[in-house]
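A.B. asks: I have a structure I would like to understand better, so I am pasting it below and will then ask my questions one at a time.
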Amino acid sequence: MLTYANPNRFMQLARRLTFPVWGLSLACLSIGLYMAFSAPADYQQGMTVRIMFIHVPAAWMSLFVYTFLTVSSIFGLVFRHPLGHVAAKSAALIGAGFTLITLITGALWGKPMWGTWWVWDARLTSVLVLFFIYLGYLAIWTAIEDPLQAGRVSSVLAIVGFVNVPIVKFSVDWWNTLHQPASVSRLDAPALHSDYLWPLLVMALGFQLLFFALWLLRMQTEIFKQKLRVRRLGLVETSNGTAS
Amino acid sequence: MEHDFYIGLSYGVTGVILCLLTANTLRAFFSFRKQIDDEFKPEDSANSP
């Protein structure tokens, strides 16, 4: 793992992995969509149950990406891992995208099932807070020009904001919410029939692979940016030295 | 019929967000890779015998 802390070694690995991961992700998403649209209608929800196949994997991804972002930030801030902040920054916009999908598809599922687009219950509100934390994290990187300082400040926000992750996960157990409790990640057995469980898991794998495909490209972009920044700073210093 | 509207909109919005995310990622990647090629290539060709 530490071998790939070297940006050049990481770039070599990323170049080899990017296209296979893209291919696998598109294959998984195509199979998942086919399975989702072949699943039978639910006896209560009818065909609306199909929204679950994107809403639930997107919600899992929003939590997974935030956890990934926090762990990367800890590596960057505490262990001074050279790629820690880069890995966290590269994941943030993708995580925000998945959280936005969760919020929008949740509202579109809530309207026909609950009769309302939105309620201020614990699960929905904590996911909205998660979305704002993602936006705040991205805003720090936009506002602070120096990457070292931006990395430090954004890591502190990421680590403090991580307190919201267990709140999102366990909100349905800790408070009375309109949102249903966990159906798949239960200690006993999933409460979902295999007709719904398999398309859900394949879509979740597709989203996971799509995240890694996008993250690999964004990581390479960030490393390109750093190379250019270092080179341009070097050129400015050289020209200043020549002028004086 | 009404349910089809919510299902279609959910999948449509998800597709649009993921396409925007992918387009943004690819545009940035190719743009910076081109800059790297432009800035480092003259040096590489000068260094080569």
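Following the order of the structure tokens, chains are lettered A, B, ..., residues in each are numbered from 1, and ligands are numbered from 1.
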Find the spatial neighbours of stretch 10-13 of chain B, counting only C-alpha atoms, within a cut-off of 12 Å - ignore same-chain residues fewer than 4 positions away - and output them as a ChimeraX atom specification.

C.D. replies: /A:33,36-37,48-55,58,97-98,100-111 /B:3-6,17-20

A.B. asks: Please tabulate, as JSON lines, the residues of stretch 39-76 of chain A that come within 8 Å of stretch 80-92 of chain A, each with its closest pair of atoms and the distance in Å to one decimal, counting only C-alpha atoms and ordering rows by chain, then residue number upward.

C.D. replies:
```
{"residue": "A:Val65", "atom": "CA", "partner": "A:Ala91", "partner_atom": "CA", "distance": 6.6}
{"residue": "A:Tyr66", "atom": "CA", "partner": "A:Ala92", "partner_atom": "CA", "distance": 7.6}
{"residue": "A:Phe68", "atom": "CA", "partner": "A:Ala88", "partner_atom": "CA", "distance": 7.3}
{"residue": "A:Leu69", "atom": "CA", "partner": "A:Ala88", "partner_atom": "CA", "distance": 4.5}
{"residue": "A:Thr70", "atom": "CA", "partner": "A:Ala88", "partner_atom": "CA", "distance": 7.2}
{"residue": "A:Ser72", "atom": "CA", "partner": "A:Gly84", "partner_atom": "CA", "distance": 4.8}
{"residue": "A:Ser73", "atom": "CA", "partner": "A:His85", "partner_atom": "CA", "distance": 5.6}
{"residue": "A:Ile74", "atom": "CA", "partner": "A:Gly84", "partner_atom": "CA", "distance": 7.5}
{"residue": "A:Phe75", "atom": "CA", "partner": "A:Gly84", "partner_atom": "CA", "distance": 5.2}
{"residue": "A:Gly76", "atom": "CA", "partner": "A:Gly84", "partner_atom": "CA", "distance": 4.0}
```

A.B. asks: Skip B:Leu26 itself and residues of its chain fewer than 3 positions away, then list as an mmCIF file with C-alpha atoms, in the first residue's frame all residues within 12 Å of it, counting only C-alpha atoms.

C.D. replies:
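Written output follows (selection_19.cif):
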```cif
data_model
loop_
_atom_site.group_PDB
_atom_site.id
_atom_site.type_symbol
_atom_site.label_atom_id
_atom_site.label_comp_id
_atom_site.auth_asym_id
_atom_site.auth_seq_id
_atom_site.Cartn_x
_atom_site.Cartn_y
_atom_site.Cartn_z
ATOM 1 C CA THR A 18 -8.650 3.130 -15.155
ATOM 2 C CA ALA A 213 -13.253 4.843 -12.040
ATOM 3 C CA LEU A 214 -14.048 8.538 -11.507
ATOM 4 C CA TRP A 215 -11.751 8.775 -8.466
ATOM 5 C CA LEU A 216 -8.786 7.301 -10.394
ATOM 6 C CA LEU A 217 -9.215 9.916 -13.136
ATOM 7 C CA ARG A 218 -9.638 12.763 -10.612
ATOM 8 C CA MET A 219 -6.540 11.592 -8.696
ATOM 9 C CA GLN A 220 -4.487 11.665 -11.896
ATOM 10 C CA THR A 221 -5.859 15.151 -12.676
ATOM 11 C CA CYS B 19 -23.164 12.155 -16.818
ATOM 12 C CA LEU B 20 -22.318 15.678 -15.590
ATOM 13 C CA LEU B 21 -19.909 14.229 -13.032
ATOM 14 C CA THR B 22 -18.262 12.035 -15.687
ATOM 15 C CA ALA B 23 -18.068 14.897 -18.218
ATOM 16 C CA PHE B 29 -8.368 15.076 -16.964
ATOM 17 C CA PHE B 30 -7.791 15.652 -20.696
ATOM 18 C CA SER B 31 -7.268 19.394 -20.254
ATOM 19 C CA PHE B 32 -4.520 18.958 -17.625
ATOM 20 C CA ARG B 33 -2.958 16.013 -19.451
#
```
